[in-house]
$ cat model_4.csv   # CSV, C-alpha atoms and all ligand atoms
chain,number,residue,atom,x,y,z
A,1,MET,CA,-32.0,-97.0,20.0
A,2,ASN,CA,-30.8,-93.5,19.3
A,3,PRO,CA,-33.1,-90.8,20.5
A,4,HIS,CA,-34.9,-88.9,17.7
A,5,VAL,CA,-34.2,-85.3,16.9
A,6,GLY,CA,-37.7,-83.9,16.5
A,7,PRO,CA,-38.9,-80.4,15.8
A,8,ALA,CA,-38.8,-78.0,18.7
A,9,GLY,CA,-40.9,-74.9,19.0
A,10,ARG,CA,-40.6,-73.1,15.6
A,11,LEU,CA,-37.6,-75.1,14.4
A,12,SER,CA,-37.8,-78.1,12.1
A,13,SER,CA,-36.0,-81.3,12.8
A,14,ASP,CA,-33.2,-80.3,10.4
A,15,GLN,CA,-32.8,-76.9,12.1
A,16,VAL,CA,-32.7,-78.6,15.5
A,17,THR,CA,-30.0,-80.9,14.3
A,18,SER,CA,-28.0,-77.9,13.0
A,19,VAL,CA,-28.3,-75.8,16.2
A,20,LEU,CA,-27.4,-78.9,18.3
A,21,ARG,CA,-24.3,-79.4,16.2
A,22,ALA,CA,-23.4,-75.7,16.9
A,23,ALA,CA,-23.8,-76.3,20.6
A,24,THR,CA,-21.5,-79.3,20.6
A,25,LEU,CA,-18.6,-77.2,19.0
A,26,ALA,CA,-18.2,-75.4,22.3
A,27,PRO,CA,-14.9,-75.7,24.2
A,28,SER,CA,-14.8,-77.8,27.3
A,29,THR,CA,-12.1,-78.7,29.8
A,30,HIS,CA,-9.9,-81.4,28.3
A,31,ASN,CA,-12.5,-81.7,25.6
A,32,THR,CA,-14.7,-83.8,27.9
A,33,GLN,CA,-17.8,-82.5,26.2
A,34,PRO,CA,-19.8,-82.8,29.5
A,35,TRP,CA,-23.2,-82.1,28.0
A,36,LEU,CA,-26.3,-84.1,27.0
A,37,PHE,CA,-29.4,-82.8,25.1
A,38,SER,CA,-32.9,-83.9,24.7
A,39,THR,CA,-35.7,-82.4,22.6
A,40,ASP,CA,-39.4,-82.5,23.4
A,41,GLY,CA,-42.5,-80.3,23.4
A,42,GLU,CA,-40.9,-78.1,26.1
A,43,GLY,CA,-37.9,-77.3,23.9
A,44,ILE,CA,-34.2,-78.2,23.7
A,45,LYS,CA,-32.9,-79.3,27.1
A,46,LEU,CA,-29.3,-79.1,28.1
A,47,TYR,CA,-28.1,-81.5,30.9
A,48,ALA,CA,-24.8,-81.8,32.6
A,49,ASP,CA,-23.3,-85.3,31.8
A,50,PRO,CA,-22.4,-86.7,35.3
A,51,ASP,CA,-20.2,-89.3,33.7
A,52,ARG,CA,-17.9,-86.6,32.4
A,53,VAL,CA,-16.9,-84.8,35.6
A,54,LEU,CA,-13.2,-84.5,36.3
A,55,PRO,CA,-13.0,-85.5,39.9
A,56,VAL,CA,-9.5,-84.1,40.6
A,57,ALA,CA,-9.3,-80.8,38.5
A,58,ASP,CA,-13.0,-80.0,38.8
A,59,ALA,CA,-14.4,-81.7,41.8
A,60,ASP,CA,-17.1,-79.1,42.4
A,61,ARG,CA,-18.1,-79.3,38.7
A,62,ARG,CA,-17.5,-75.5,38.2
A,63,GLU,CA,-15.7,-76.0,34.9
A,64,LEU,CA,-18.2,-78.5,33.8
A,65,VAL,CA,-20.9,-75.9,34.2
A,66,LEU,CA,-18.7,-73.3,32.4
A,67,SER,CA,-18.3,-75.7,29.5
A,68,CYS,CA,-22.1,-76.3,29.3
A,69,GLY,CA,-22.6,-72.5,29.4
A,70,ALA,CA,-20.5,-72.3,26.3
A,71,ALA,CA,-22.6,-74.9,24.6
A,72,LEU,CA,-25.8,-73.0,25.7
A,73,VAL,CA,-24.7,-69.7,24.2
A,74,ASN,CA,-23.7,-71.4,21.0
A,75,LEU,CA,-27.3,-72.9,20.9
A,76,ARG,CA,-28.9,-69.5,21.6
A,77,ILE,CA,-26.8,-67.8,19.0
A,78,ALA,CA,-27.4,-70.5,16.3
A,79,ILE,CA,-31.2,-70.3,17.0
A,80,ARG,CA,-31.2,-66.4,16.9
A,81,ALA,CA,-29.2,-66.5,13.6
A,82,LEU,CA,-32.1,-68.5,12.1
A,83,GLY,CA,-34.5,-65.6,12.9
A,84,VAL,CA,-36.1,-67.3,15.9
A,85,HIS,CA,-36.1,-66.1,19.5
A,86,PRO,CA,-34.5,-68.7,21.9
A,87,ALA,CA,-36.6,-68.3,25.1
A,88,THR,CA,-34.1,-69.6,27.7
A,89,THR,CA,-34.8,-70.8,31.3
A,90,MET,CA,-31.8,-71.7,33.4
A,91,PHE,CA,-32.1,-74.3,36.1
A,92,PRO,CA,-35.8,-74.7,35.6
A,93,ARG,CA,-36.3,-77.5,38.2
A,94,ARG,CA,-34.9,-77.6,41.7
A,95,ASP,CA,-35.2,-81.3,42.0
A,96,GLU,CA,-33.2,-81.8,38.7
A,97,PRO,CA,-29.9,-80.0,39.2
A,98,ASP,CA,-28.4,-81.7,36.1
A,99,LEU,CA,-31.0,-80.0,33.9
A,100,LEU,CA,-29.1,-76.8,33.3
A,101,ALA,CA,-31.3,-75.0,30.8
A,102,VAL,CA,-34.3,-75.3,28.6
A,103,VAL,CA,-34.3,-73.4,25.3
A,104,LEU,CA,-37.6,-73.0,23.5
A,105,PRO,CA,-37.4,-71.6,20.0
A,106,THR,CA,-40.5,-69.4,20.2
A,107,THR,CA,-41.5,-66.5,18.1
A,108,ALA,CA,-39.9,-65.3,14.9
A,109,ALA,CA,-37.4,-62.5,15.4
A,110,PRO,CA,-35.7,-60.4,12.8
A,111,VAL,CA,-32.4,-61.9,11.8
A,112,ASP,CA,-29.8,-59.7,13.5
A,113,ALA,CA,-26.4,-59.4,11.7
A,114,ARG,CA,-24.5,-59.8,15.0
A,115,SER,CA,-25.9,-63.2,15.7
A,116,VAL,CA,-25.2,-64.3,12.1
A,117,VAL,CA,-21.6,-63.2,12.4
A,118,LEU,CA,-21.1,-64.9,15.8
A,119,ALA,CA,-22.8,-68.1,14.5
A,120,HIS,CA,-20.3,-68.2,11.6
A,121,ALA,CA,-17.5,-68.0,14.2
A,122,ILE,CA,-18.7,-71.1,16.1
A,123,PRO,CA,-17.0,-73.7,13.8
A,124,ARG,CA,-14.0,-71.4,13.2
A,125,ARG,CA,-13.1,-71.0,16.9
A,126,HIS,CA,-10.4,-73.4,18.1
A,127,THR,CA,-8.2,-73.3,21.2
A,128,ASN,CA,-4.8,-72.1,20.0
A,129,ARG,CA,-1.9,-72.9,22.2
A,130,THR,CA,0.8,-71.7,19.8
A,131,PRO,CA,3.0,-68.8,20.8
A,132,PHE,CA,1.4,-65.6,19.6
A,133,ALA,CA,2.9,-62.9,17.3
A,134,ALA,CA,4.4,-59.8,18.9
A,135,LYS,CA,1.4,-57.7,17.9
A,136,ALA,CA,-0.8,-55.9,20.4
A,137,VAL,CA,-4.6,-56.4,20.4
A,138,PRO,CA,-6.1,-53.0,19.4
A,139,PRO,CA,-8.0,-51.3,22.4
A,140,ALA,CA,-11.2,-51.1,20.3
A,141,ILE,CA,-11.3,-54.9,20.1
A,142,VAL,CA,-10.6,-55.2,23.8
A,143,GLY,CA,-13.6,-52.9,24.3
A,144,LEU,CA,-15.8,-55.3,22.2
A,145,LEU,CA,-14.6,-58.3,24.3
A,146,ARG,CA,-15.7,-56.4,27.5
A,147,HIS,CA,-19.1,-55.8,25.9
A,148,ALA,CA,-19.4,-59.4,25.0
A,149,ALA,CA,-18.8,-60.4,28.6
A,150,GLU,CA,-21.3,-57.8,29.9
A,151,ALA,CA,-23.9,-59.0,27.5
A,152,GLU,CA,-24.0,-62.2,29.4
A,153,ALA,CA,-24.0,-60.6,32.9
A,154,ALA,CA,-20.3,-61.2,33.5
A,155,TRP,CA,-17.3,-58.9,33.6
A,156,LEU,CA,-13.8,-58.6,32.1
A,157,PRO,CA,-12.0,-56.4,34.6
A,158,ARG,CA,-9.2,-54.1,33.5
A,159,LEU,CA,-6.0,-55.5,35.0
A,160,ASP,CA,-3.1,-53.1,35.6
A,161,GLU,CA,0.6,-54.1,35.4
A,162,ARG,CA,0.7,-55.0,39.1
A,163,GLN,CA,-2.3,-57.2,38.8
A,164,LEU,CA,-1.0,-58.9,35.7
A,165,ALA,CA,2.3,-59.6,37.3
A,166,GLY,CA,0.4,-61.0,40.3
A,167,LEU,CA,-1.7,-63.2,38.0
A,168,HIS,CA,1.4,-64.4,36.2
A,169,ALA,CA,2.9,-65.5,39.6
A,170,LEU,CA,-0.3,-67.2,40.6
A,171,ILE,CA,-0.4,-69.1,37.3
A,172,GLN,CA,3.1,-70.4,37.9
A,173,GLU,CA,2.3,-71.3,41.5
A,174,SER,CA,-0.8,-73.2,40.7
A,175,HIS,CA,0.9,-75.0,37.8
A,176,LEU,CA,3.5,-76.2,40.3
A,177,VAL,CA,0.9,-77.3,42.8
A,178,GLN,CA,-0.9,-79.3,40.1
A,179,SER,CA,2.3,-80.7,38.6
A,180,ALA,CA,3.2,-82.1,42.1
A,181,ASP,CA,-0.2,-83.9,42.4
A,182,PRO,CA,0.0,-87.5,41.0
A,183,ALA,CA,-3.9,-87.7,40.9
A,184,PHE,CA,-4.1,-84.5,38.9
A,185,LEU,CA,-1.4,-85.7,36.5
A,186,ALA,CA,-3.0,-89.1,36.0
A,187,GLU,CA,-6.3,-87.4,35.2
A,188,TRP,CA,-4.7,-84.9,32.8
A,189,GLN,CA,-2.8,-87.6,31.0
A,190,ARG,CA,-5.9,-89.7,30.7
A,191,TRP,CA,-7.6,-86.9,28.8
A,192,THR,CA,-4.7,-85.5,26.8
A,193,ARG,CA,-3.1,-88.7,25.6
A,194,ARG,CA,-6.2,-90.1,23.9
A,195,ALA,CA,-6.0,-92.6,21.1
A,196,PRO,CA,-6.4,-90.8,17.7
A,197,THR,CA,-9.7,-92.8,17.2
A,198,ARG,CA,-11.4,-91.2,20.2
A,199,ARG,CA,-14.0,-88.5,19.7
A,200,ASP,CA,-13.2,-86.8,23.0
A,201,GLY,CA,-10.1,-85.6,24.9
A,202,VAL,CA,-7.3,-83.3,23.6
A,203,PRO,CA,-5.4,-84.9,20.7
A,204,PHE,CA,-1.6,-84.5,20.7
A,205,ALA,CA,-1.9,-82.4,17.5
A,206,ALA,CA,-3.9,-79.7,19.2
A,207,GLY,CA,-1.1,-79.2,21.8
A,208,GLY,CA,0.7,-76.5,19.7
A,209,THR,CA,4.4,-76.1,19.6
A,210,THR,CA,6.9,-76.6,22.4
A,211,ALA,CA,8.8,-73.4,21.6
A,212,ASP,CA,10.5,-71.7,24.5
A,213,ASP,CA,9.0,-68.3,24.0
A,214,ASP,CA,5.6,-69.1,25.4
A,215,SER,CA,4.6,-66.3,27.6
A,216,TRP,CA,2.2,-68.2,29.9
A,217,VAL,CA,2.0,-71.7,31.1
A,218,LEU,CA,-0.2,-73.7,28.6
A,219,ARG,CA,-1.2,-76.8,30.4
A,220,ASP,CA,-2.6,-79.0,27.7
A,221,CYS,CA,0.5,-78.8,25.6
A,222,GLY,CA,2.5,-81.0,27.9
A,223,ASP,CA,5.0,-80.3,30.7
A,224,ARG,CA,6.7,-77.0,30.3
A,225,ALA,CA,9.4,-75.0,32.1
A,226,ALA,CA,8.3,-71.7,33.8
A,227,PRO,CA,8.0,-69.2,30.9
A,228,ALA,CA,10.3,-66.3,30.4
A,229,THR,CA,8.9,-62.8,30.4
A,230,PRO,CA,8.0,-62.1,26.7
A,231,ALA,CA,8.9,-58.9,24.8
A,232,THR,CA,5.2,-58.4,23.8
A,233,PRO,CA,2.9,-60.1,26.2
A,234,PRO,CA,-0.3,-61.5,24.9
A,235,LEU,CA,-3.6,-60.0,26.0
A,236,VAL,CA,-4.6,-61.8,29.2
A,237,VAL,CA,-8.2,-61.4,30.5
A,238,VAL,CA,-10.1,-62.9,33.4
A,239,VAL,CA,-13.8,-63.6,33.0
A,240,GLY,CA,-15.3,-62.8,36.3
A,241,SER,CA,-18.8,-63.3,37.7
A,242,PHE,CA,-20.7,-61.4,40.4
A,243,GLY,CA,-21.5,-64.6,42.4
A,244,ASP,CA,-20.3,-68.2,42.4
A,245,THR,CA,-23.6,-70.2,42.3
A,246,PRO,CA,-24.2,-72.7,39.6
A,247,ALA,CA,-26.4,-70.1,37.8
A,248,ASP,CA,-23.5,-67.6,38.0
A,249,ARG,CA,-21.2,-70.2,36.5
A,250,LEU,CA,-23.6,-71.0,33.7
A,251,ARG,CA,-23.7,-67.3,32.9
A,252,ALA,CA,-19.9,-67.0,33.1
A,253,GLY,CA,-19.6,-69.9,30.6
A,254,GLN,CA,-21.9,-68.1,28.2
A,255,ALA,CA,-19.9,-64.9,28.7
A,256,MET,CA,-16.6,-66.8,28.1
A,257,GLN,CA,-17.9,-68.2,24.9
A,258,ARG,CA,-19.3,-64.9,23.7
A,259,VAL,CA,-15.9,-63.3,24.3
A,260,LEU,CA,-14.2,-66.1,22.4
A,261,LEU,CA,-16.6,-65.9,19.4
A,262,THR,CA,-16.2,-62.1,19.4
A,263,ALA,CA,-12.4,-62.6,19.4
A,264,THR,CA,-12.7,-65.1,16.5
A,265,THR,CA,-14.7,-62.6,14.4
A,266,HIS,CA,-11.9,-60.1,14.8
A,267,GLY,CA,-9.1,-62.6,13.8
A,268,LEU,CA,-7.9,-63.2,17.3
A,269,ASP,CA,-6.8,-66.6,18.6
A,270,ALA,CA,-7.3,-67.7,22.2
A,271,SER,CA,-6.3,-70.3,24.8
A,272,PHE,CA,-7.4,-71.0,28.3
A,273,ILE,CA,-5.4,-70.8,31.5
A,274,SER,CA,-7.4,-72.6,34.2
A,275,GLN,CA,-4.8,-73.6,36.7
A,276,PRO,CA,-5.0,-70.6,39.1
A,277,ILE,CA,-8.7,-71.0,39.3
A,278,GLU,CA,-8.7,-74.7,39.7
A,279,VAL,CA,-6.4,-74.5,42.7
A,280,ARG,CA,-8.7,-73.1,45.5
A,281,ALA,CA,-6.0,-71.1,47.3
A,282,THR,CA,-4.7,-69.3,44.2
A,283,ARG,CA,-8.3,-68.7,43.1
A,284,LEU,CA,-9.0,-66.8,46.4
A,285,ARG,CA,-5.8,-64.8,46.0
A,286,LEU,CA,-6.7,-64.0,42.4
A,287,ARG,CA,-10.2,-62.8,43.6
A,288,HIS,CA,-8.4,-60.6,46.1
A,289,LEU,CA,-6.0,-59.3,43.5
A,290,MET,CA,-9.0,-58.2,41.4
A,291,GLY,CA,-10.5,-56.2,44.3
A,292,ASP,CA,-12.7,-58.9,46.0
A,293,GLY,CA,-15.8,-58.0,43.9
A,294,LEU,CA,-15.7,-60.7,41.3
A,295,TRP,CA,-15.3,-64.5,41.2
A,296,PRO,CA,-12.6,-65.4,38.7
A,297,GLN,CA,-14.0,-68.1,36.4
A,298,ILE,CA,-11.5,-68.5,33.6
A,299,VAL,CA,-8.3,-66.8,32.4
A,300,LEU,CA,-8.0,-66.3,28.6
A,301,ARG,CA,-4.8,-65.6,26.6
A,302,LEU,CA,-5.6,-63.7,23.3
A,303,GLY,CA,-3.5,-62.8,20.4
A,304,TYR,CA,-2.4,-63.8,16.9
A,305,GLY,CA,-1.3,-67.4,16.6
A,306,GLU,CA,-0.5,-70.0,13.9
A,307,PRO,CA,-3.2,-72.2,12.5
A,308,VAL,CA,-4.1,-75.2,14.7
A,309,ALA,CA,-5.7,-78.6,14.2
A,310,TRP,CA,-9.3,-79.2,15.2
A,311,THR,CA,-10.4,-81.3,18.1
A,312,PRO,CA,-12.9,-84.1,17.6
A,313,ARG,CA,-16.5,-84.1,18.9
A,314,ARG,CA,-18.9,-86.9,19.9
A,315,THR,CA,-21.6,-87.5,17.4
A,316,LEU,CA,-25.1,-86.1,18.0
A,317,ALA,CA,-26.4,-89.6,18.7
A,318,GLU,CA,-23.9,-89.8,21.6
A,319,VAL,CA,-25.0,-86.6,23.2
A,320,LEU,CA,-28.8,-87.0,22.7
A,321,VAL,CA,-30.8,-88.8,25.4
A,322,ASP,CA,-34.3,-89.8,26.0
A,323,ARG,CA,-35.6,-87.6,28.9
A,324,SER,CA,-37.1,-90.7,30.5
A,325,SER,CA,-33.7,-92.3,30.7
A,326,LEU,CA,-32.3,-89.3,32.6
A,327,SER,CA,-35.0,-89.0,35.2
A,328,ALA,CA,-35.1,-92.8,35.8
B,401,LIG,C1,-13.4,-74.2,31.4
B,401,LIG,C2,-12.3,-74.6,30.4
B,401,LIG,C3,-11.0,-74.7,30.9
B,401,LIG,C4,-10.0,-75.0,30.0
B,401,LIG,N1,-8.7,-75.1,30.5
B,401,LIG,C5,-7.7,-75.3,29.6
B,401,LIG,C6,-6.3,-75.2,30.1
B,401,LIG,O1,-6.0,-74.9,31.3
B,401,LIG,N2,-5.3,-75.3,29.2
B,401,LIG,C7,-5.6,-75.6,27.9
B,401,LIG,O2,-4.6,-75.8,27.1
B,401,LIG,N3,-6.8,-75.7,27.4
B,401,LIG,C8,-7.9,-75.5,28.3
B,401,LIG,N4,-9.2,-75.6,27.8
B,401,LIG,C9,-9.4,-75.8,26.4
B,401,LIG,C10,-9.9,-77.2,26.1
B,401,LIG,O3,-8.8,-78.1,26.2
B,401,LIG,C11,-10.5,-77.2,24.7
B,401,LIG,O4,-11.7,-76.4,24.7
B,401,LIG,C12,-10.9,-78.5,24.2
B,401,LIG,O5,-9.8,-79.3,24.0
B,401,LIG,C13,-11.7,-78.5,22.9
B,401,LIG,O6,-10.9,-77.9,21.9
B,401,LIG,P1,-11.4,-76.6,21.1
B,401,LIG,O7,-11.5,-75.5,22.1
B,401,LIG,O8,-10.3,-76.3,20.1
B,401,LIG,O9,-12.7,-76.8,20.5
B,401,LIG,C14,-10.2,-75.3,28.7
B,401,LIG,C15,-11.6,-75.2,28.2
B,401,LIG,C16,-12.6,-74.8,29.0
B,401,LIG,C17,-14.0,-74.7,28.5
$ encode --input "model_4.csv" --output "structure tokens"
Amino acid sequence: MNPHVGPAGRLSSDQVTSVLRAATLAPSTHNTQPWLFSTDGEGIKLYADPDRVLPVADADRRELVLSCGAALVNLRIAIRALGVHPATTMFPRRDEPDLLAVVLPTTAAPVDARSVVLAHAIPRRHTNRTPFAAKAVPPAIVGLLRHAAEAEAAWLPRLDERQLAGLHALIQESHLVQSADPAFLAEWQRWTRRAPTRRDGVPFAAGGTTADDDSWVLRDCGDRAAPATPATPPLVVVVGSFGDTPADRLRAGQAMQRVLLTATTHGLDASFISQPIEVRATRLRLRHLMGDGLWPQIVLRLGYGEPVAWTPRRTLAEVLVDRSSLSA
């Protein structure tokens, strides 16, 4: 029996359905969609889906929590855009680590234009792995991306030429490490060579082109040669957090998605570069390269790409659970 979407706090059942749909449009590693939801009198609950861990690329579930953070901020923004305050508690129960957050749509709040604009960007944001146009991102927009990260208690550090060159080298090094690992390749292929009928994984059509002018290694597109240095490099940013606990990672996932939605509202496309952070040794060197104050959580490439295909999503019925079945 499918769990029922009931009202939650000030939201009607229909509104709960629409904000949950917005949550499920979040990005996730290999489109695993590692989230589950339930609704009851306490609000909308977001759980990690333990069946969707990537045991090789993400053994410590860091990216799973980042992905769930992206779903959480979508949920909060969608509720806020309805003129309701999303009272959010992260990790409310020590004995239930998979319960990542509870969001209670409480009091009415004036509809703020920013949330409405960001909510409209939720279905328009797609990972874009195509080569980007030789057009620099204006500094004013870079400033807005930094504010977006800071609004979720994370940070987009300014990287100078030396740090960017170091990051580029770490990306290539980590890519080689992962490419030489049969277990990693098997897991990656399992999720990126999905049958077209699947509602998860990265469909081949979302892989972008295989042009030679890619400026950074784009993993989900397939095996690629080391990229040449481009004439106009894309904007590359690192979302960093001040700690590396599960709560820090959940915040970083929210920051990552707020940065991506902000980018979307300004006509920017984005793709993810997770290799140098998935490989522990290169992650530590990237942390050092950034001055040892931040934990790197995700690298994003931003610029102006070609239109890309959508990735599928599981239905709401597939991501809704009865709370009782989770705590059993
Ligand atoms: C934490 C995280 C890491 C990701 N790493 C990569 C990556 O290294 N390479 C890549 O091409 N896409 C990466 N992605 C993008 C996912 O493949 C993408 O979000 C997913 O296929 C859903 O597609 P959408 O973003 O277009 O909705 C990552 C996404 C997340 C949230």
$ atom_distance --input "model_4.csv" --atom1 "CA of Leu72 (chain A)" --atom2 "atom O5 of ligand LIG 401 (chain B)"
17.3 Å
$ residues_near_ligand --input "model_4.csv" --ligand "ligand LIG 401 (chain B)" --cutoff "7 Å" --atoms "all atoms listed in the file" --output "VMD selection string"
chain A and resid 25 to 31 63 to 64 66 to 67 125 to 129 201 to 202 218 to 221 271 to 275 298 310 to 311
$ closest_residue --input "model_4.csv" --among "A:Ala48, A:Met290, A:Ala109, A:Ala134" --to "Arg158 (chain A)" --atoms "only C-alpha atoms"
A:Met290
$ residues_near_point --input "model_4.csv" --point "(-24.7, -87.9, 17.2)" --cutoff "10 Å" --atoms "all atoms listed in the file" --output "list in words"
Asn2, Pro3, Val5, Thr17, Leu20, Arg21, Thr24, Arg313, Arg314, Thr315, Leu316, Ala317, Glu318, Val319 and Leu320 of chain A
$ write_last_selection --input "model_4.csv" --atoms "C-alpha atoms" --output "short mmCIF file (atom, residue, chain, number, x, y, z; two decimals), keeping the file's coordinate frame"
data_model
loop_
_atom_site.label_atom_id
_atom_site.label_comp_id
_atom_site.auth_asym_id
_atom_site.auth_seq_id
_atom_site.Cartn_x
_atom_site.Cartn_y
_atom_site.Cartn_z
CA ASN A 2 -30.80 -93.50 19.30
CA PRO A 3 -33.10 -90.80 20.50
CA VAL A 5 -34.20 -85.30 16.90
CA THR A 17 -30.00 -80.90 14.30
CA LEU A 20 -27.40 -78.90 18.30
CA ARG A 21 -24.30 -79.40 16.20
CA THR A 24 -21.50 -79.30 20.60
CA ARG A 313 -16.50 -84.10 18.90
CA ARG A 314 -18.90 -86.90 19.90
CA THR A 315 -21.60 -87.50 17.40
CA LEU A 316 -25.10 -86.10 18.00
CA ALA A 317 -26.40 -89.60 18.70
CA GLU A 318 -23.90 -89.80 21.60
CA VAL A 319 -25.00 -86.60 23.20
CA LEU A 320 -28.80 -87.00 22.70
#
$ closest_residue --input "model_4.csv" --among "A:Pro138, A:Gly293, A:Gly303, A:Gly9" --to "His85 (chain A)" --atoms "all atoms listed in the file"
A:Gly9
$ atom_distance --input "model_4.csv" --atom1 "CA of Arg162 (chain A)" --atom2 "CA of Ala57 (chain A)"
27.7 Å
$ residues_around --input "model_4.csv" --residues "region 184-190 of chain A" --least-positions-apart "3" --cutoff "6 Å" --atoms "all atoms listed in the file" --output "list in words"
Val56, Asp181 and Arg193 of chain A
$ closest_residue --input "model_4.csv" --among "A:Arg10, A:Pro50, A:Arg62, A:Trp35" --to "Pro86 (chain A)" --atoms "all atoms listed in the file"
A:Arg10
$ closest_residue --input "model_4.csv" --among "A:Arg194, A:Leu286, A:Ala78, A:Pro296" --to "Asp112 (chain A)" --atoms "all atoms listed in the file"
A:Ala78
$ closest_residue --input "model_4.csv" --among "A:Ala309, A:Met256, A:Val53, A:Leu289" --to "Ala70 (chain A)" --atoms "all atoms listed in the file"
A:Met256
$ closest_residue --input "model_4.csv" --among "A:Pro234, A:Ser174, A:Val117, A:Ala149" --to "Thr265 (chain A)" --atoms "only C-alpha atoms"
A:Val117
$ build_atoms --input "model_4.csv" --residues "region 119-131 of chain A" --atoms "N, CA and C atoms" --output "PDB file, in the frame of the given file"
ATOM      1  N   ALA A 119     -22.527 -66.679  14.816  1.00  0.00           N
ATOM      2  CA  ALA A 119     -22.800 -68.100  14.500  1.00  0.00           C
ATOM      3  C   ALA A 119     -21.784 -68.614  13.478  1.00  0.00           C
ATOM      4  N   HIS A 120     -21.342 -67.774  12.546  1.00  0.00           N
ATOM      5  CA  HIS A 120     -20.300 -68.200  11.600  1.00  0.00           C
ATOM      6  C   HIS A 120     -18.980 -68.467  12.311  1.00  0.00           C
ATOM      7  N   ALA A 121     -18.774 -67.780  13.425  1.00  0.00           N
ATOM      8  CA  ALA A 121     -17.500 -68.000  14.200  1.00  0.00           C
ATOM      9  C   ALA A 121     -17.488 -69.275  14.951  1.00  0.00           C
ATOM     10  N   ILE A 122     -18.661 -69.864  15.198  1.00  0.00           N
ATOM     11  CA  ILE A 122     -18.700 -71.100  16.100  1.00  0.00           C
ATOM     12  C   ILE A 122     -17.799 -72.182  15.537  1.00  0.00           C
ATOM     13  N   PRO A 123     -17.903 -72.572  14.249  1.00  0.00           N
ATOM     14  CA  PRO A 123     -17.000 -73.700  13.800  1.00  0.00           C
ATOM     15  C   PRO A 123     -15.573 -73.181  13.525  1.00  0.00           C
ATOM     16  N   ARG A 124     -15.337 -71.872  13.514  1.00  0.00           N
ATOM     17  CA  ARG A 124     -14.000 -71.400  13.200  1.00  0.00           C
ATOM     18  C   ARG A 124     -13.164 -71.171  14.505  1.00  0.00           C
ATOM     19  N   ARG A 125     -13.819 -71.183  15.674  1.00  0.00           N
ATOM     20  CA  ARG A 125     -13.100 -71.000  16.900  1.00  0.00           C
ATOM     21  C   ARG A 125     -12.419 -72.292  17.364  1.00  0.00           C
ATOM     22  N   HIS A 126     -11.132 -72.233  17.618  1.00  0.00           N
ATOM     23  CA  HIS A 126     -10.400 -73.400  18.100  1.00  0.00           C
ATOM     24  C   HIS A 126      -9.441 -72.889  19.209  1.00  0.00           C
ATOM     25  N   THR A 127      -9.224 -73.671  20.224  1.00  0.00           N
ATOM     26  CA  THR A 127      -8.200 -73.300  21.200  1.00  0.00           C
ATOM     27  C   THR A 127      -6.852 -73.289  20.507  1.00  0.00           C
ATOM     28  N   ASN A 128      -6.118 -72.209  20.690  1.00  0.00           N
ATOM     29  CA  ASN A 128      -4.800 -72.100  20.000  1.00  0.00           C
ATOM     30  C   ASN A 128      -3.729 -71.913  21.006  1.00  0.00           C
ATOM     31  N   ARG A 129      -2.911 -72.949  21.149  1.00  0.00           N
ATOM     32  CA  ARG A 129      -1.900 -72.900  22.200  1.00  0.00           C
ATOM     33  C   ARG A 129      -0.498 -72.580  21.602  1.00  0.00           C
ATOM     34  N   THR A 130      -0.451 -72.128  20.346  1.00  0.00           N
ATOM     35  CA  THR A 130       0.800 -71.700  19.800  1.00  0.00           C
ATOM     36  C   THR A 130       1.280 -70.412  20.368  1.00  0.00           C
ATOM     37  N   PRO A 131       2.584 -70.116  20.332  1.00  0.00           N
ATOM     38  CA  PRO A 131       3.000 -68.800  20.800  1.00  0.00           C
ATOM     39  C   PRO A 131       2.380 -67.728  19.862  1.00  0.00           C
TER      40      PRO A 131
END
